[in-house]
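First the structure, in the form of C-alpha cells, and then the observations on it.
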Amino acid sequence: MTLKMTLAIAASLVAGLAASAAYAESKGSVVVFVPSSTNPYIGQFQLGAKDKAKELGYDVKVIENNFNQAEQDSQVQQQLASGEQVAGYVWWPFENAAGVASLRALSQSGAPVIVSNQYPIKGTEAFWTAYAGANDFLSGKTAAEILLEACAKAEIKCDKGAIIRFPAGVSAGDDRATGFQDAVKGKLTVLDVVPTAGFLEDEGYKVAAQIIPAHKGELTWLYTENDSLAGAAAQAAKENGLTPGKDIFIVGGTCHGDSKHVKSGEIAGTAIQSGYWEGWMAVQALGKYVAQGKVVDGEKYLEGTPDAAPSDADPLYKYNFLPNPAVGNTQAAYDAAKLWGKTADQLCNF
Amino acid sequence: MTSQNPTAERRIRIPRPVYGLAAILAIVAVAGFTTPSFATLDNLFVVIRAASLTGIVAIGMSYITISGNLFALSASSLGALLAVLFALITAQFGFAAGVVLTLLLAGVSGVAQGVAISLIGNPIITTLAFGTVFRGLAALLSGNSILRIESDLALWIGTARPLGIPTQSWAFVVAALLSWFVIRHLKLGREIVLCGANPQAAIASGLRVGMVTSVACIALSTGVAIMAMLTVSQFSQAKADLFMGYDFDYIAAVLVGGIALRGGRGSPLQAALGAILIALLQNFMLLNGFSAGLRMTIVGFLVVVSISLFHVLQGKSR
C-alpha cells in the first residue's frame, strides 16, 4: 500500500514537473479575436496565426464570433473579466467602427494589441500597438493597375465601366473602391458603383447579371473587389454575349475564388492577398513588439519576395502592410507566382 | 337557410393572388415608364432568373406557413450544409449520386425538423436551433475550405439555357406548378391546409398533424436542396458560408405573396409571385442606383405593408 502510494505521488510529481516545464517553454498566450472561420479566408488567417505562434513559442486562443460585433464585444468583456495574463491580443473587428470600444478595453488591459485586416480608424491610434495586415487601398490600386495595363493593350475601346463592391458598411469595400477610383481618375469613367449583399459568386452573379444588360454597349470593364465576384461577373458577361478579356475587361484584384477564370484569361489578372500570411504577420508583429519593445512611427510595406518571409529581427512599424503582388492571367504566370515561399495555388485555392 | 346579410353574399371576393399580380403590374408600369432599360425582354428574363432560387425555397417555405407552423429559420443554413454535402458526394461518387443522396439527406433533415417541431411545439425556436446545427456541420464537413467539383453535367445544369431560359427558371416554374397541384388537388395538400386552418379540428378529425408538419418540412428541405445543388453546379464549388442572411428573403416572398401568417390559407403560387415581386422591385432599385440601405428599407417596408394589408383583408372577409 505504502509502495503504491509512494509510486502514485512520484508519478504525480513527475507529471506536474513535466507540465510545468512545458508551461515554462511557452511564452504565454496570444488571444486572437476574429469573425467565423466558416469564411475560408478567415480559416486561412487562423492557420497562419497558429503556425507563427508555434514557431515563436506562444500558445494561441482563437475567439470567433458569428459575424456579429455585439457578440465580439461580449467576448472581449468575458476575456478581460477572466483575468488571464496574456502575451497580447490580435484584433480583427467584425465592424471596424462599432468595435472601437472593445479595442479600447483591450488596450487598457496593458497587453499589446495588434490590429489586423481592418485598417484602423483615425483617432484610435492610442488603443493599439501596431497594425499588421492587408492594405485595401493598395488592393484597389493594384487592381486598377492591372486593368489599366489590360486596357492599354486592348484593341477595343476601354473607357466606361462599373464597380461591383462589397456590401455597404464593410470598410474593406470602401477602401478598395477608393484605392481603385483614385488610381483610375482621369483615365477611366466609372458609370456605376453597385454593392452586393455578400462576397461570394452567387451574390456577384445576381448583381452582374442585372447591370450588364442594363448598360448594354456601354460597359468596357468591371472591377469587383475580389475574384469570387469577378468569376461570377465573367459568367454573367458570357451569358450576355460578351467575351471576357475581349469585349469586356474584368478584374477582382484579390485571389479569392476559383482561379480558372484567371488562368484562362477571362479575368484581366489578379493579386495575391493571402489570409495565411496576414494571420502569420499579425502574430509576427506581436512577437517583434515583445522582443524589441518598441514601435517605429510610420508605415512599412513588407517586401513581396517570392521565397524568403520577412525576418523577425526587422523593426516593427506602426503600420505594417501585407504585400499583394500582381499575377498575370495565364496558366504559366499563375504557376510561377509565389509569395514568401508559398505558391499562388497554395495561397489562393483554400 | 337564408342569409342574414344579403349584401355580404353579393360582395365579390377577390382571390389573394390577384393582389400580388396587381402589385407586379404596378411596379412594371412605374418602372417601365421611368427606367428605359427595365421594360426589355432581356431584363424580364434577368428578373425571373433573380427570383428563381429564392422562389424555389419560398415555395417550400409556403408549405410550412400554410400548415400552421409560421416559418423555418433553418433554410439558409440547411442550404449551406446540403451544398457542402452535394459537393463532397459529387466529388467522390459522381453527379447522379450527389443529386440522389443530397435529396435523401434533405428528406432526413425535413423529417428530423418535423418531429422536433411536433415535440417542442415551437417552429421558430426549433428551426433556429437546427439552423445553428446545420451551419456548424457545414463548417466541420468542409474543413472551412472551398470544395470544388469537376463535373461537366453539373456545370451544364448550372449554366444551360434550354429555349433561352436558364435552368434555374425552369426549375422555379416546375416547382411552382407542382407544389400548387399538390396543395390544390391532392388529399395530402388538403390535409396541410386543414391542419393550418384549425389544428384542433384536424386532430379531432383523425388527421395526423405531426406527419403533416414533417411533410411540410420535407417540402422545404427539397426546395432548399434544389437551390443548393443549382448554386453549386453553376459555380462548381461550395462553401460553409453560402446563403448567409437569405432567410429573410424566403420569408419576405411568402409574406408579400399574401399567404396567411396563421396558416390554412394560401398557395405556393403566391410565394412564387411574392419572389417575383421582390425581384422586380430589387431590379428597379438596382437599375436606378438606390443604395443598399435604401433597398433594404424599401423591401422591409413592403413586407410590413403586405402583412398589414392582408391582415385587414382577412378581418373583412370573416
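Quick note on naming: the chains in the C-alpha cells go A, B, ... in the order shown, residues restart at 1 in each chain, and ligands are numbered from 1 in order of appearance.
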
>> Please find the residues of chain A near chain B - the criterion being any atom within 7 Å, counting only C-alpha atoms - and write them as a list of chain:residue names.
In response: A:Ser37, A:Thr38, A:Asn39, A:Pro40, A:Gly43, A:Ala168, A:Pro195, A:Lys206, A:Ala209, A:Gln210, A:Ile211, A:Ala214, A:Phe350

>> Quick check for you: according to DSSP on this backbone, which residues of region 13-235 of chain B are classed as helix (DSSP H, G or I)? Reply as a count of residues only.
In response: 184

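Between CA of Val299 (chain B) and CA of Ala219 (chain B) there is a distance of 25.8 Å.
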
> How many Å separate CA of Leu44 (chain B) from CA of Ala271 (chain B)?
Replying inline: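 Atom-to-atom, CA of Leu44 (chain B) to CA of Ala271 (chain B), that is 18.5 Å.
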
Find the spatial neighbours of region 101-106 of chain A, counting only C-alpha atoms, within a cut-off of 9 Å - ignore same-chain residues fewer than 4 positions away - and output them as a PDB file with C-alpha atoms, in the first residue's frame.
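Listed below is the output, around_17.pdb:
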```pdb
ATOM      1  CA  GLN A  72     -17.421  40.025 -30.298  1.00  0.00           C
ATOM      2  CA  ASP A  73     -17.826  42.862 -27.753  1.00  0.00           C
ATOM      3  CA  SER A  74     -19.250  40.407 -25.252  1.00  0.00           C
ATOM      4  CA  VAL A  76     -13.879  40.813 -25.144  1.00  0.00           C
ATOM      5  CA  GLN A  77     -15.640  41.560 -21.839  1.00  0.00           C
ATOM      6  CA  LEU A  80     -10.921  40.603 -19.763  1.00  0.00           C
ATOM      7  CA  TYR A  89      -4.080  40.328 -28.495  1.00  0.00           C
ATOM      8  CA  TRP A  91      -7.844  42.199 -33.027  1.00  0.00           C
ATOM      9  CA  PRO A  93     -13.099  43.522 -35.613  1.00  0.00           C
ATOM     10  CA  ALA A  97     -16.161  51.474 -36.192  1.00  0.00           C
ATOM     11  CA  GLY A 110      -1.894  46.709 -20.674  1.00  0.00           C
ATOM     12  CA  ALA A 111      -1.182  43.880 -23.117  1.00  0.00           C
ATOM     13  CA  PRO A 112      -0.042  44.772 -26.647  1.00  0.00           C
ATOM     14  CA  VAL A 113      -2.824  44.840 -29.241  1.00  0.00           C
ATOM     15  CA  VAL A 115      -4.960  45.210 -35.226  1.00  0.00           C
ATOM     16  CA  THR A 124      -7.858  55.318 -32.363  1.00  0.00           C
ATOM     17  CA  ALA A 126      -3.675  55.188 -28.742  1.00  0.00           C
ATOM     18  CA  PHE A 127      -5.724  51.996 -28.457  1.00  0.00           C
ATOM     19  CA  TRP A 128      -3.463  49.703 -30.448  1.00  0.00           C
TER      20      TRP A 128
END
```

>> Using only C-alpha atoms, can you tell me which of A:Gly341, A:Gly231, A:Gly179, A:Gly186 comes closest to Phe249 (chain A)?
In response: A:Gly231

>> Among region 206-290 of chain A, which ones does DSSP assign to strand (DSSP E or B) (computed from the backbone)? Answer as a list in words.
In response: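 Assigned to strand (DSSP E or B), within region 206-290 of chain A: Trp221, Leu222, Tyr223, Pro244, Ile248, Phe249, Ile250, Val251, Ile267, Thr270 and Ala271 of chain A.
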
Restrict the selected residues to N, CA and C atoms and save them as a PDB file, in the first residue's frame.
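Saved result, again.pdb, follows:
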```
ATOM      1  N   TRP A 221     -15.428  47.633 -68.907  1.00  0.00           N
ATOM      2  CA  TRP A 221     -14.691  46.991 -67.810  1.00  0.00           C
ATOM      3  C   TRP A 221     -15.567  46.882 -66.567  1.00  0.00           C
ATOM      4  N   LEU A 222     -15.173  45.958 -65.684  1.00  0.00           N
ATOM      5  CA  LEU A 222     -15.827  45.785 -64.385  1.00  0.00           C
ATOM      6  C   LEU A 222     -14.759  45.542 -63.326  1.00  0.00           C
ATOM      7  N   TYR A 223     -14.852  46.233 -62.204  1.00  0.00           N
ATOM      8  CA  TYR A 223     -13.977  45.941 -61.056  1.00  0.00           C
ATOM      9  C   TYR A 223     -14.865  45.405 -59.944  1.00  0.00           C
ATOM     10  N   PRO A 244     -15.323  37.848 -72.005  1.00  0.00           N
ATOM     11  CA  PRO A 244     -14.402  38.497 -71.056  1.00  0.00           C
ATOM     12  C   PRO A 244     -12.961  38.432 -71.575  1.00  0.00           C
ATOM     13  N   ILE A 248     -14.994  42.801 -72.885  1.00  0.00           N
ATOM     14  CA  ILE A 248     -15.086  43.467 -71.578  1.00  0.00           C
ATOM     15  C   ILE A 248     -13.935  42.979 -70.686  1.00  0.00           C
ATOM     16  N   PHE A 249     -13.345  43.887 -69.925  1.00  0.00           N
ATOM     17  CA  PHE A 249     -12.249  43.515 -69.021  1.00  0.00           C
ATOM     18  C   PHE A 249     -12.762  43.474 -67.586  1.00  0.00           C
ATOM     19  N   ILE A 250     -12.496  42.339 -66.946  1.00  0.00           N
ATOM     20  CA  ILE A 250     -12.986  42.153 -65.576  1.00  0.00           C
ATOM     21  C   ILE A 250     -11.791  41.919 -64.658  1.00  0.00           C
ATOM     22  N   VAL A 251     -11.784  42.623 -63.535  1.00  0.00           N
ATOM     23  CA  VAL A 251     -10.689  42.414 -62.585  1.00  0.00           C
ATOM     24  C   VAL A 251     -11.244  42.388 -61.165  1.00  0.00           C
ATOM     25  N   ILE A 267     -10.384  36.788 -66.571  1.00  0.00           N
ATOM     26  CA  ILE A 267     -10.143  37.921 -65.673  1.00  0.00           C
ATOM     27  C   ILE A 267      -8.800  38.530 -66.063  1.00  0.00           C
ATOM     28  N   THR A 270      -4.815  39.108 -61.425  1.00  0.00           N
ATOM     29  CA  THR A 270      -5.211  39.132 -60.017  1.00  0.00           C
ATOM     30  C   THR A 270      -4.008  39.535 -59.167  1.00  0.00           C
ATOM     31  N   ALA A 271      -4.191  39.538 -57.868  1.00  0.00           N
ATOM     32  CA  ALA A 271      -3.084  39.801 -56.958  1.00  0.00           C
ATOM     33  C   ALA A 271      -3.240  38.874 -55.766  1.00  0.00           C
TER      34      ALA A 271
END
```

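Comparing B:Ala87, B:Ala252, B:Trp180, B:Leu188 by their smallest distance to Leu269 (chain B), the closest is B:Trp180 (using only C-alpha atoms).
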
Residues near region 144-150 of chain A, anyone? I mean within 8 Å using only C-alpha atoms, not counting same-chain ones fewer than 3 positions away, as a JSON list (two decimals) with N, CA and C atoms, in the first residue's frame.
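File selection11.json, as written:
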```json
[["chain", "number", "residue", "atom", "x", "y", "z"],
["A", 140, "GLY", "N", -7.03, 47.94, -54.10],
["A", 140, "GLY", "CA", -7.78, 48.63, -55.15],
["A", 140, "GLY", "C", -6.86, 49.23, -56.19],
["A", 141, "LYS", "N", -5.72, 49.77, -55.72],
["A", 141, "LYS", "CA", -4.76, 50.40, -56.63],
["A", 141, "LYS", "C", -4.13, 49.35, -57.55],
["A", 153, "LYS", "N", -3.35, 47.57, -73.69],
["A", 153, "LYS", "CA", -3.03, 46.56, -74.72],
["A", 153, "LYS", "C", -4.25, 46.24, -75.58],
["A", 154, "ALA", "N", -5.43, 46.73, -75.17],
["A", 154, "ALA", "CA", -6.68, 46.30, -75.82],
["A", 154, "ALA", "C", -6.82, 46.89, -77.21],
["A", 180, "PHE", "N", -9.09, 52.11, -55.90],
["A", 180, "PHE", "CA", -9.28, 51.89, -57.33],
["A", 180, "PHE", "C", -9.64, 53.20, -58.04],
["A", 181, "GLN", "N", -10.61, 53.92, -57.47],
["A", 181, "GLN", "CA", -11.08, 55.14, -58.13],
["A", 181, "GLN", "C", -9.98, 56.21, -58.19],
["A", 183, "ALA", "N", -6.86, 55.64, -58.47],
["A", 183, "ALA", "CA", -5.86, 55.23, -59.47],
["A", 183, "ALA", "C", -6.36, 55.38, -60.91],
["A", 184, "VAL", "N", -7.67, 55.32, -61.11],
["A", 184, "VAL", "CA", -8.17, 55.41, -62.50],
["A", 184, "VAL", "C", -8.70, 56.81, -62.84],
["A", 249, "PHE", "N", -13.34, 43.89, -69.92],
["A", 249, "PHE", "CA", -12.25, 43.52, -69.02],
["A", 249, "PHE", "C", -12.76, 43.47, -67.59],
["A", 250, "ILE", "N", -12.50, 42.34, -66.95],
["A", 250, "ILE", "CA", -12.99, 42.15, -65.58],
["A", 250, "ILE", "C", -11.79, 41.92, -64.66],
["A", 251, "VAL", "N", -11.78, 42.62, -63.53],
["A", 251, "VAL", "CA", -10.69, 42.41, -62.59],
["A", 251, "VAL", "C", -11.24, 42.39, -61.16],
["A", 253, "GLY", "N", -8.88, 41.61, -58.40],
["A", 253, "GLY", "CA", -7.77, 42.23, -57.66],
["A", 253, "GLY", "C", -7.30, 41.47, -56.44],
["A", 268, "ALA", "N", -8.73, 39.87, -66.05],
["A", 268, "ALA", "CA", -7.54, 40.55, -66.58],
["A", 268, "ALA", "C", -6.27, 40.26, -65.79],
["A", 269, "GLY", "N", -6.40, 39.71, -64.62],
["A", 269, "GLY", "CA", -5.24, 39.42, -63.77],
["A", 269, "GLY", "C", -5.71, 39.42, -62.33],
["A", 270, "THR", "N", -4.81, 39.11, -61.42],
["A", 270, "THR", "CA", -5.21, 39.13, -60.02],
["A", 270, "THR", "C", -4.01, 39.53, -59.17],
["A", 326, "ALA", "N", 0.98, 41.40, -58.00],
["A", 326, "ALA", "CA", 0.09, 41.10, -59.13],
["A", 326, "ALA", "C", 0.47, 39.78, -59.78]]
```

>> When you look at region 303-310 of chain A with a cut-off of 7 Å (counting only C-alpha atoms), what residues show up, excluding the ones that are within fewer than 6 positions of it in the same chain? I need them as a PyMOL selection string.
In response: chain A and resi 323+325+338-341

> What lies within 7 Å of Gly161 (chain A) using only C-alpha atoms, ignoring chain neighbours under 6 positions off, as an NGL selection string?
Replying inline: :A and (189-191 or 219-222)

>> I'd like to know which of A:Lys318, A:Lys263, A:Lys61, A:Lys216 is closest to Asp247 (chain A), using only C-alpha atoms.
In response: A:Lys216

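Near Gly266 (chain B), within a cut-off of 9 Å and counting only C-alpha atoms, sit the residues Arg16, Pro17, Ser62, Thr65, Ile66, Val193, Gly257, Gly258, Ile259 and Ala260 of chain B, with same-chain residues fewer than 6 positions away left out.
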
Store the residues picked out above in a file with N, CA and C atoms, as a PDB file, in the first residue's frame.
```pdb
ATOM      1  N   ARG B  16     -56.614  36.201 -53.407  1.00  0.00           N
ATOM      2  CA  ARG B  16     -55.384  36.856 -52.936  1.00  0.00           C
ATOM      3  C   ARG B  16     -54.300  36.984 -54.004  1.00  0.00           C
ATOM      4  N   PRO B  17     -54.087  35.970 -54.862  1.00  0.00           N
ATOM      5  CA  PRO B  17     -53.030  36.128 -55.852  1.00  0.00           C
ATOM      6  C   PRO B  17     -53.237  37.340 -56.765  1.00  0.00           C
ATOM      7  N   SER B  62     -43.660  27.979 -48.130  1.00  0.00           N
ATOM      8  CA  SER B  62     -45.114  28.210 -48.085  1.00  0.00           C
ATOM      9  C   SER B  62     -45.842  26.999 -47.482  1.00  0.00           C
ATOM     10  N   THR B  65     -45.765  27.504 -43.746  1.00  0.00           N
ATOM     11  CA  THR B  65     -46.702  28.547 -43.300  1.00  0.00           C
ATOM     12  C   THR B  65     -48.147  28.067 -43.428  1.00  0.00           C
ATOM     13  N   ILE B  66     -48.478  27.478 -44.564  1.00  0.00           N
ATOM     14  CA  ILE B  66     -49.864  27.025 -44.771  1.00  0.00           C
ATOM     15  C   ILE B  66     -50.235  25.949 -43.740  1.00  0.00           C
ATOM     16  N   VAL B 193     -53.603  22.117 -45.574  1.00  0.00           N
ATOM     17  CA  VAL B 193     -54.412  23.325 -45.408  1.00  0.00           C
ATOM     18  C   VAL B 193     -55.304  23.205 -44.166  1.00  0.00           C
ATOM     19  N   GLY B 257     -46.391  37.586 -50.867  1.00  0.00           N
ATOM     20  CA  GLY B 257     -47.331  36.832 -51.700  1.00  0.00           C
ATOM     21  C   GLY B 257     -48.718  36.732 -51.080  1.00  0.00           C
ATOM     22  N   GLY B 258     -48.827  37.020 -49.801  1.00  0.00           N
ATOM     23  CA  GLY B 258     -50.138  37.067 -49.157  1.00  0.00           C
ATOM     24  C   GLY B 258     -50.601  35.769 -48.534  1.00  0.00           C
ATOM     25  N   ILE B 259     -49.686  34.867 -48.254  1.00  0.00           N
ATOM     26  CA  ILE B 259     -50.066  33.621 -47.571  1.00  0.00           C
ATOM     27  C   ILE B 259     -50.357  33.956 -46.105  1.00  0.00           C
ATOM     28  N   ALA B 260     -51.490  33.423 -45.605  1.00  0.00           N
ATOM     29  CA  ALA B 260     -51.905  33.785 -44.243  1.00  0.00           C
ATOM     30  C   ALA B 260     -50.868  33.329 -43.221  1.00  0.00           C
TER      31      ALA B 260
END
```

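Across the structure, CA of Ser109 (chain B) and CA of Ile125 (chain B) are spaced 16.0 Å apart.
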